[in-house]
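Chemist: Structure incoming, see below.
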Amino acid sequence: MESPRPRAHAADYRPDIDGLRAVAVLGVLAFHAFPRVLAGGFIGVDVFFVISGFLISGILFDALRRDRFSYVEFYVRRIRRIFPALLAVLGACLIGGWFLLLPDEYKQLGREVAAGAGFAANVLFWSQAGYFDTDAAIKPLLHLWSLGIEEQFYLGWPLLLALLYRGARAHLALLMGLMLGLSFAANVLQVDSHPSASFYLPLSRFWELLSGSLLAYGLMFRGEALAGLPRAVRSLAGWSGLALLGAGLVWIEPQRAFPGFWALLPVSGTLLLILAREGWVNRVLLSNRVMVFIGLISYPLYLWHWVLLAMVRMRLYVEGAEAPRLERVGVLLLSALLAWATYELIEKPIRFGPRPGRKALVLLGAMALVALTGVAVDASDGAAFRYPAAIRPLAAYQYDKERERYSAVLSGRNCFIEGIDIRFADIGPNCVERPEGGKPLIVLWGDSHAASLYAGLKAVQDREGTFRIAQFTANACAPVLGWEYFQHGTCRAFNDAAFERIRSLRPQTVVLEGAWWYYCTTAGANDLDLAALQSTIRQLQSSGVRRVVVFGDLPVWQMPQPRVGVKLWLDTHALPERTHAYFNDTSAQMDRRVRAAVTQAGAVFVSPIETLCDARGCLLTTDPQHWTPLAWDAAHLSEAGSIYLLARTAQQVLGPAAVRP
């Protein structure tokens, strides 16, 4: 078969593509700063993928057809294009983090820097959590996942393309289409079952870059028919592409199964806009000076904006909180200023000019040094040595490790069930202690806050020896019959089964505990009505339970409690036992409402807030000498905290006659 005849270089400079870059980056910025205004703005990344595949593959095709392809030259160009701005941002993060971040935050940042410098950020974040999770908002380098996808694609694509071009040129378009189809199929097949993998991993994303590559091939080697298209047809393609992008920005939301089929909207829209080179949208809208300027600085703008937004959110210390609107606008303006300075003072001098090979080697060495620095920060527990010995244990407190230990202790007996698919059948047989000498049974029923009471209740049991324990607890399941938690939808069935088991056991006492302030104020359309709690109490009483005890909210902090200690030390260079600072007053307000409802229903109310707080503030530690925190995060009791609380509320739980003085 005759080889296709090449046309003009598909990657010649086009101002409309810089304008398209502007559309992409503005969408991403709008979503990150104002997610409720433009819920689909994150599809700007998909636009970048298509543009990248089109431009880079166009350069490769041009080099191949002129028999001037060089793998080394390709990577020298990529290094000079990608590394300068990225090094500036990573270096600024490491330096700024040293002064601004606590060790656990700095440790995470070090890990992100190492992964970002190695273009493996997407793999790191896939292993940690989803892109739209609350915790994702305080990961300063989360956005580097997309850079990881691109560079993983370009790690093998140039060499594979060169081999296919030289060995199977006649079938190149077919082979590229086959690879695109396989990648798209992987995306669709796993988007529901493995959403994080579909979002972050390259196999399900490569089709977006390949779509741009295939268009570059078509324009360069099969473009005779396209070149003759009337301007009206090109304008129609431009308007159609703009409509598809607009539909994606409006209709696609974080709750959608994305990428999946939804990604066809931004990908198809971008392809049509690239194809409509001389259409009205491209000539007038995308090629105007403002859009072109934004497109030119789009790469450093993308890098800077999320770092600054994440740092602002980290300063707030309240999970899911947004900075004031004006502050977010200020962050975007500062990002634009930094992006312009990065482009003019760093990118352009390094990207262009003489000695490209030497520049690439220096950049490669600098990136390796930054990666090693990130590893060192991670290994040093976030450079905890920055703090004096007295504060270092708190400063280096490992929340993830403590959570793992906490979960292992709670779920080791299968008495606390975590996850989304919560079933009472998963409760282990040893969660109800065997009858012994007629000792009465106490049932602990509720969510993870209830589970955190177990260590203290067990300590009281070991001391008193007068009762047995049963534990029925599940993640985010308030012990309320007929109520459903909207995020996993299995609490109703779990609680129904727990209630039936309680009726069959006929315990003397049932202890209820839940994160009432959360369920009653932040569960959205499914906010818990305290009348349902009262109904549950009465149903327990009607089933023969003599004593129903309801624990109110545990003290809730605006940040993990160990960090409260660090913040106080930084502010005052002292570690107080009690404080009002950083306390979430919502939990105290809710405590009074729950007390009134529980008392009206005839149950015993125990207030951890009253027990642990007084006019001087809320207790932070049970051991002032070593400053052991009462809670390991913002509310869940540590083992020491659980033992301390139950020791002081045992009479309320068991009844005055049941506890030895």
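Naming works like this for the structure tokens: A, B, ... for the chains as they're shown, residue 1 at the start of each chain, ligands 1 onward in shown order.
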Could you list, as an NGL selection string, every residue within 6 Å of range 121-124 of chain A, counting only C-alpha atoms and ignoring same-chain residues fewer than 5 positions away?
Modeler: :A and (115-116 or 144-145 or 148 or 200)
Chemist: Would you save the residues of that selection, restricted to C-alpha atoms, as a PDB file, in the first residue's frame?
Modeler:
```
ATOM      1  CA  ALA A 115       5.926  11.184  44.077  1.00  0.00           C
ATOM      2  CA  GLY A 116       5.432  14.385  42.058  1.00  0.00           C
ATOM      3  CA  LEU A 144       0.098  16.504  40.061  1.00  0.00           C
ATOM      4  CA  TRP A 145      -1.792  13.255  39.409  1.00  0.00           C
ATOM      5  CA  GLY A 148       1.881  11.709  36.275  1.00  0.00           C
ATOM      6  CA  TYR A 200      -6.034   7.925  38.624  1.00  0.00           C
TER       7      TYR A 200
END
```
Chemist: I want to know what sits within 12 Å of range 153-163 of chain A, based on only C-alpha atoms, with residues of the same chain fewer than 2 positions away left out; could you give that as a short mmCIF file (atom, residue, chain, number, x, y, z; two decimals) with C-alpha atoms, in the first residue's frame?
Modeler:
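So the final result, stored in result-v2.cif, reads:
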```
data_model
loop_
_atom_site.label_atom_id
_atom_site.label_comp_id
_atom_site.auth_asym_id
_atom_site.auth_seq_id
_atom_site.Cartn_x
_atom_site.Cartn_y
_atom_site.Cartn_z
CA PHE A 49 -4.92 15.47 27.93
CA SER A 52 -1.17 17.22 24.85
CA GLY A 53 -1.73 14.08 22.81
CA ILE A 56 3.22 16.06 21.18
CA SER A 57 2.20 13.35 18.73
CA GLY A 58 2.19 15.95 15.97
CA ILE A 59 5.81 16.76 16.79
CA LEU A 60 6.66 13.05 16.79
CA PHE A 61 4.93 12.41 13.46
CA ASP A 62 6.73 15.35 11.89
CA ALA A 63 10.10 14.04 13.12
CA LEU A 64 9.32 10.51 11.91
CA ARG A 65 8.23 11.54 8.44
CA ASP A 67 13.44 10.64 9.50
CA ARG A 68 14.76 12.85 12.30
CA PHE A 69 13.22 11.09 15.28
CA SER A 70 15.44 11.04 18.37
CA TYR A 71 14.28 9.62 21.68
CA VAL A 72 16.95 11.64 23.52
CA GLU A 73 15.98 14.87 21.77
CA PHE A 74 12.34 14.25 22.60
CA TYR A 75 13.07 13.91 26.30
CA ARG A 77 12.48 18.93 25.03
CA ARG A 78 10.07 17.43 27.58
CA ILE A 79 12.45 18.08 30.47
CA GLY A 118 9.03 11.02 40.07
CA PHE A 119 5.82 11.60 38.06
CA ALA A 120 4.02 8.97 40.13
CA SER A 146 -2.56 14.52 35.90
CA LEU A 147 1.10 15.28 35.23
CA GLY A 148 1.88 11.71 36.28
CA ILE A 149 -0.61 10.37 33.72
CA GLU A 150 0.95 12.44 30.92
CA GLU A 151 4.55 11.56 31.66
CA TYR A 165 5.63 3.91 12.10
CA ARG A 166 8.64 2.07 10.71
CA GLY A 167 7.21 -1.44 10.90
CA ALA A 168 3.47 -1.11 10.30
CA ARG A 169 2.92 2.33 8.81
CA HIS A 171 -1.90 0.04 9.63
CA LEU A 172 -0.81 2.73 12.08
CA ALA A 173 -4.20 4.45 12.36
CA LEU A 175 -3.45 0.11 15.65
CA MET A 176 -3.79 3.47 17.36
CA MET A 179 -5.17 0.92 21.64
CA SER A 183 -8.04 1.96 27.08
CA LEU A 201 -4.37 5.07 36.78
CA PRO A 202 -2.98 5.43 33.26
CA LEU A 203 -4.66 2.45 31.59
CA SER A 204 -8.09 4.06 31.82
CA ARG A 205 -6.80 7.53 30.87
CA PHE A 206 -4.48 6.90 27.92
CA TRP A 207 -7.39 6.89 25.46
CA GLU A 208 -7.81 10.63 26.01
CA LEU A 209 -4.23 11.35 24.95
CA LEU A 210 -4.51 8.81 22.14
CA SER A 213 -2.69 11.56 18.77
CA LEU A 214 -5.10 10.02 16.29
CA TYR A 217 -2.18 11.61 12.49
#
```
Chemist: Skip Cys415 in chain A itself and residues of its chain fewer than 6 positions away, then list as a list in words all residues within 7 Å of it, counting only C-alpha atoms.
Modeler: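 After dropping sequence-adjacent residues, the list is Ile427, Gly428, Cys431, Gln471, Phe472 and Thr473 of chain A.
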Chemist: Could those residues be written to a file, using N, CA, C and O atoms, as a short mmCIF file (atom, residue, chain, number, x, y, z; two decimals), in the first residue's frame?
Modeler:
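Wrote it out as selection.cif, contents follow:
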```cif
data_model
loop_
_atom_site.label_atom_id
_atom_site.label_comp_id
_atom_site.auth_asym_id
_atom_site.auth_seq_id
_atom_site.Cartn_x
_atom_site.Cartn_y
_atom_site.Cartn_z
N ILE A 427 -20.82 -9.07 62.80
CA ILE A 427 -20.44 -9.00 64.21
C ILE A 427 -19.98 -10.38 64.67
O ILE A 427 -20.66 -11.39 64.45
N GLY A 428 -18.84 -10.44 65.32
CA GLY A 428 -18.25 -11.73 65.72
C GLY A 428 -18.95 -12.36 66.91
O GLY A 428 -19.63 -11.68 67.69
N CYS A 431 -18.47 -11.07 70.61
CA CYS A 431 -18.90 -9.72 70.95
C CYS A 431 -19.97 -9.73 72.04
O CYS A 431 -20.41 -8.67 72.49
N GLN A 471 -20.99 -5.82 72.55
CA GLN A 471 -20.71 -4.61 71.75
C GLN A 471 -21.23 -4.78 70.33
O GLN A 471 -20.83 -5.68 69.61
N PHE A 472 -22.14 -3.88 69.93
CA PHE A 472 -22.68 -3.85 68.57
C PHE A 472 -22.44 -2.44 68.01
O PHE A 472 -23.25 -1.53 68.25
N THR A 473 -21.37 -2.24 67.31
CA THR A 473 -21.03 -0.90 66.81
C THR A 473 -20.63 -0.95 65.35
O THR A 473 -20.04 -1.94 64.89
#
```
Chemist: Could you please determine the separation between CA of Arg501 in chain A and CA of Arg468 in chain A in Å, to one decimal place?
Modeler: 15.5 Å
Chemist: Could you list, as an MDAnalysis selection string, every residue within 10 Å of Pro576 in chain A, counting only C-alpha atoms and ignoring same-chain residues fewer than 6 positions away?
Modeler: chainID A and resid 565 568:569 617 619:621 624 627
Chemist: Counting only C-alpha atoms, figure out which residue out of A:Pro103, A:Gly374, A:Pro266, A:Pro300 gets nearest to Ile82 in chain A.
Modeler: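 Between A:Pro103, A:Gly374, A:Pro266, A:Pro300, the residue approaching Ile82 in chain A most closely is A:Pro300.
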Chemist: Identify, on the basis of only C-alpha atoms, every residue whose closest approach to Gln508 in chain A does not exceed 8 Å; exclude the query and any residue fewer than 3 positions from it along the same chain; express the result as a ChimeraX atom specification.
Modeler: /A:440-442,545-547
Chemist: Which one of A:Arg392, A:His305, A:Arg234, A:Arg222 sits closest to Val566 in chain A if you count only C-alpha atoms?
Modeler: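 Closest to Val566 in chain A, using only C-alpha atoms: A:Arg392.
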Chemist: Quick one, how far is CA of Gly241 in chain A from CA of Gly260 in chain A?
Modeler: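 Between CA of Gly241 in chain A and CA of Gly260 in chain A the gap works out to 19.0 Å.
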Chemist: When you count only C-alpha atoms, which of these residues is closest to Trp445 in chain A: A:Gly514, A:Pro562, A:Gly419, A:Pro507?
Modeler: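 Of A:Gly514, A:Pro562, A:Gly419, A:Pro507, the one nearest Trp445 in chain A, counting only C-alpha atoms, is A:Gly514.
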Chemist: If I take CA of Ala323 in chain A and CA of Ala341 in chain A, how far is one from the other in Å, to one decimal?
Modeler: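 Answer for the CA of Ala323 in chain A to CA of Ala341 in chain A separation: 25.2 Å.
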Chemist: Residues near Ser193 in chain A, anyone? I mean within 12 Å using only C-alpha atoms, not counting same-chain ones fewer than 5 positions away, as a PyMOL selection string.
Modeler: chain A and resi 186-188+198-199+257-258+260
Chemist: Since we have the selection now, will you write its residues out, keeping N, CA and C atoms, as a PDB file, in the first residue's frame?
Modeler:
```pdb
ATOM      1  N   ALA A 186     -11.317  -0.227  29.268  1.00  0.00           N
ATOM      2  CA  ALA A 186     -10.851  -0.380  30.649  1.00  0.00           C
ATOM      3  C   ALA A 186     -11.455   0.700  31.540  1.00  0.00           C
ATOM      4  N   ASN A 187     -11.540   1.898  31.017  1.00  0.00           N
ATOM      5  CA  ASN A 187     -12.139   3.011  31.748  1.00  0.00           C
ATOM      6  C   ASN A 187     -13.600   2.722  32.077  1.00  0.00           C
ATOM      7  N   VAL A 188     -14.365   2.304  31.095  1.00  0.00           N
ATOM      8  CA  VAL A 188     -15.799   2.081  31.289  1.00  0.00           C
ATOM      9  C   VAL A 188     -16.054   0.887  32.206  1.00  0.00           C
ATOM     10  N   SER A 198      -9.942   3.932  38.069  1.00  0.00           N
ATOM     11  CA  SER A 198     -10.350   4.469  36.777  1.00  0.00           C
ATOM     12  C   SER A 198      -9.967   5.935  36.644  1.00  0.00           C
ATOM     13  N   PHE A 199     -10.018   6.657  37.753  1.00  0.00           N
ATOM     14  CA  PHE A 199      -9.711   8.077  37.713  1.00  0.00           C
ATOM     15  C   PHE A 199      -8.208   8.343  37.656  1.00  0.00           C
ATOM     16  N   ALA A 257     -20.110   8.960  37.739  1.00  0.00           N
ATOM     17  CA  ALA A 257     -19.092   7.918  37.542  1.00  0.00           C
ATOM     18  C   ALA A 257     -18.137   8.414  36.461  1.00  0.00           C
ATOM     19  N   PHE A 258     -17.051   9.021  36.897  1.00  0.00           N
ATOM     20  CA  PHE A 258     -16.134   9.683  35.971  1.00  0.00           C
ATOM     21  C   PHE A 258     -14.752   9.065  36.085  1.00  0.00           C
ATOM     22  N   GLY A 260     -15.479   7.274  32.743  1.00  0.00           N
ATOM     23  CA  GLY A 260     -16.599   6.579  32.134  1.00  0.00           C
ATOM     24  C   GLY A 260     -17.014   7.190  30.808  1.00  0.00           C
TER      25      GLY A 260
END
```
Chemist: Would you list the contacts of range 104-114 of chain A as a PDB file with N, CA, C and O atoms, in the first residue's frame, taking every protein, DNA or RNA residue within 7 Å and counting only C-alpha atoms, but skipping same-chain residues closer than 2 positions in sequence?
Modeler:
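Everything below was put into around_17.pdb:
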```pdb
ATOM      1  N   LEU A  90       7.663  22.748  43.516  1.00  0.00           N
ATOM      2  CA  LEU A  90       8.065  21.751  44.515  1.00  0.00           C
ATOM      3  C   LEU A  90       9.047  22.351  45.513  1.00  0.00           C
ATOM      4  O   LEU A  90       8.947  22.108  46.728  1.00  0.00           O
ATOM      5  N   GLY A  97       6.729  24.761  53.515  1.00  0.00           N
ATOM      6  CA  GLY A  97       6.250  23.762  54.460  1.00  0.00           C
ATOM      7  C   GLY A  97       7.082  23.694  55.717  1.00  0.00           C
ATOM      8  O   GLY A  97       6.568  23.420  56.813  1.00  0.00           O
ATOM      9  N   LEU A 101       4.030  24.255  58.093  1.00  0.00           N
ATOM     10  CA  LEU A 101       3.296  23.012  58.319  1.00  0.00           C
ATOM     11  C   LEU A 101       3.762  22.281  59.569  1.00  0.00           C
ATOM     12  O   LEU A 101       4.948  22.294  59.909  1.00  0.00           O
ATOM     13  N   LEU A 102       2.804  21.623  60.220  1.00  0.00           N
ATOM     14  CA  LEU A 102       3.121  20.738  61.328  1.00  0.00           C
ATOM     15  C   LEU A 102       3.721  19.449  60.773  1.00  0.00           C
ATOM     16  O   LEU A 102       3.557  19.124  59.593  1.00  0.00           O
ATOM     17  N   GLY A 116       5.578  13.422  43.154  1.00  0.00           N
ATOM     18  CA  GLY A 116       5.432  14.385  42.058  1.00  0.00           C
ATOM     19  C   GLY A 116       6.703  14.518  41.247  1.00  0.00           C
ATOM     20  O   GLY A 116       6.660  14.599  40.015  1.00  0.00           O
ATOM     21  N   ALA A 117       7.852  14.531  41.927  1.00  0.00           N
ATOM     22  CA  ALA A 117       9.128  14.636  41.214  1.00  0.00           C
ATOM     23  C   ALA A 117       9.406  13.391  40.385  1.00  0.00           C
ATOM     24  O   ALA A 117      10.092  13.460  39.362  1.00  0.00           O
ATOM     25  N   GLY A 118       8.869  12.259  40.825  1.00  0.00           N
ATOM     26  CA  GLY A 118       9.032  11.016  40.073  1.00  0.00           C
ATOM     27  C   GLY A 118       7.895  10.742  39.116  1.00  0.00           C
ATOM     28  O   GLY A 118       7.815   9.642  38.536  1.00  0.00           O
ATOM     29  N   ALA A 121       2.614  10.726  41.102  1.00  0.00           N
ATOM     30  CA  ALA A 121       1.639  11.243  42.058  1.00  0.00           C
ATOM     31  C   ALA A 121       0.294  10.553  41.907  1.00  0.00           C
ATOM     32  O   ALA A 121      -0.416  10.326  42.892  1.00  0.00           O
ATOM     33  N   LEU A 141      -0.310  18.854  46.726  1.00  0.00           N
ATOM     34  CA  LEU A 141       0.169  18.464  45.399  1.00  0.00           C
ATOM     35  C   LEU A 141      -0.732  17.419  44.741  1.00  0.00           C
ATOM     36  O   LEU A 141      -0.303  16.686  43.853  1.00  0.00           O
ATOM     37  N   ALA A 371      13.426  15.169  44.747  1.00  0.00           N
ATOM     38  CA  ALA A 371      12.788  13.902  45.102  1.00  0.00           C
ATOM     39  C   ALA A 371      13.410  13.315  46.360  1.00  0.00           C
ATOM     40  O   ALA A 371      12.702  12.842  47.264  1.00  0.00           O
ATOM     41  N   LEU A 372      14.733  13.328  46.452  1.00  0.00           N
ATOM     42  CA  LEU A 372      15.421  12.804  47.636  1.00  0.00           C
ATOM     43  C   LEU A 372      15.094  13.638  48.874  1.00  0.00           C
ATOM     44  O   LEU A 372      14.958  13.089  49.980  1.00  0.00           O
ATOM     45  N   GLY A 374      12.262  15.158  49.386  1.00  0.00           N
ATOM     46  CA  GLY A 374      10.920  14.720  49.771  1.00  0.00           C
ATOM     47  C   GLY A 374      10.944  13.419  50.533  1.00  0.00           C
ATOM     48  O   GLY A 374      10.243  13.246  51.543  1.00  0.00           O
ATOM     49  N   VAL A 375      11.767  12.476  50.094  1.00  0.00           N
ATOM     50  CA  VAL A 375      11.906  11.192  50.796  1.00  0.00           C
ATOM     51  C   VAL A 375      12.451  11.420  52.202  1.00  0.00           C
ATOM     52  O   VAL A 375      11.989  10.806  53.177  1.00  0.00           O
ATOM     53  N   VAL A 377      12.178  14.137  54.059  1.00  0.00           N
ATOM     54  CA  VAL A 377      11.139  14.765  54.883  1.00  0.00           C
ATOM     55  C   VAL A 377      10.142  13.719  55.368  1.00  0.00           C
ATOM     56  O   VAL A 377       9.740  13.712  56.539  1.00  0.00           O
ATOM     57  N   ASP A 378       9.770  12.811  54.493  1.00  0.00           N
ATOM     58  CA  ASP A 378       8.851  11.733  54.863  1.00  0.00           C
ATOM     59  C   ASP A 378       9.480  10.830  55.926  1.00  0.00           C
ATOM     60  O   ASP A 378       8.860  10.505  56.942  1.00  0.00           O
ATOM     61  N   ASP A 381       9.663  11.947  59.706  1.00  0.00           N
ATOM     62  CA  ASP A 381       8.381  12.299  60.320  1.00  0.00           C
ATOM     63  C   ASP A 381       8.085  13.786  60.190  1.00  0.00           C
ATOM     64  O   ASP A 381       7.661  14.455  61.134  1.00  0.00           O
ATOM     65  N   GLY A 382       8.308  14.294  58.990  1.00  0.00           N
ATOM     66  CA  GLY A 382       8.012  15.697  58.739  1.00  0.00           C
ATOM     67  C   GLY A 382       8.967  16.637  59.431  1.00  0.00           C
ATOM     68  O   GLY A 382       8.584  17.726  59.859  1.00  0.00           O
ATOM     69  N   ALA A 396       4.965  15.119  66.219  1.00  0.00           N
ATOM     70  CA  ALA A 396       5.166  14.008  65.277  1.00  0.00           C
ATOM     71  C   ALA A 396       4.061  12.966  65.387  1.00  0.00           C
ATOM     72  O   ALA A 396       4.222  11.847  64.901  1.00  0.00           O
ATOM     73  N   TYR A 397       2.950  13.316  66.032  1.00  0.00           N
ATOM     74  CA  TYR A 397       1.875  12.352  66.248  1.00  0.00           C
ATOM     75  C   TYR A 397       1.382  11.796  64.920  1.00  0.00           C
ATOM     76  O   TYR A 397       1.039  12.550  64.002  1.00  0.00           O
ATOM     77  N   GLN A 398       1.357  10.492  64.807  1.00  0.00           N
ATOM     78  CA  GLN A 398       1.007   9.847  63.540  1.00  0.00           C
ATOM     79  C   GLN A 398      -0.470   9.458  63.554  1.00  0.00           C
ATOM     80  O   GLN A 398      -0.850   8.413  64.066  1.00  0.00           O
TER      81      GLN A 398
END
```
Chemist: Step one, run DSSP on the backbone; step two, keep only residues of range 320-568 of chain A assigned to alpha helix (DSSP H); then write them as a PyMOL selection string.
Modeler: chain A and resi 325-342+348-351+356-379+392-395+399-411+448-451+454-464+491-505+516-521+530-542+561-568
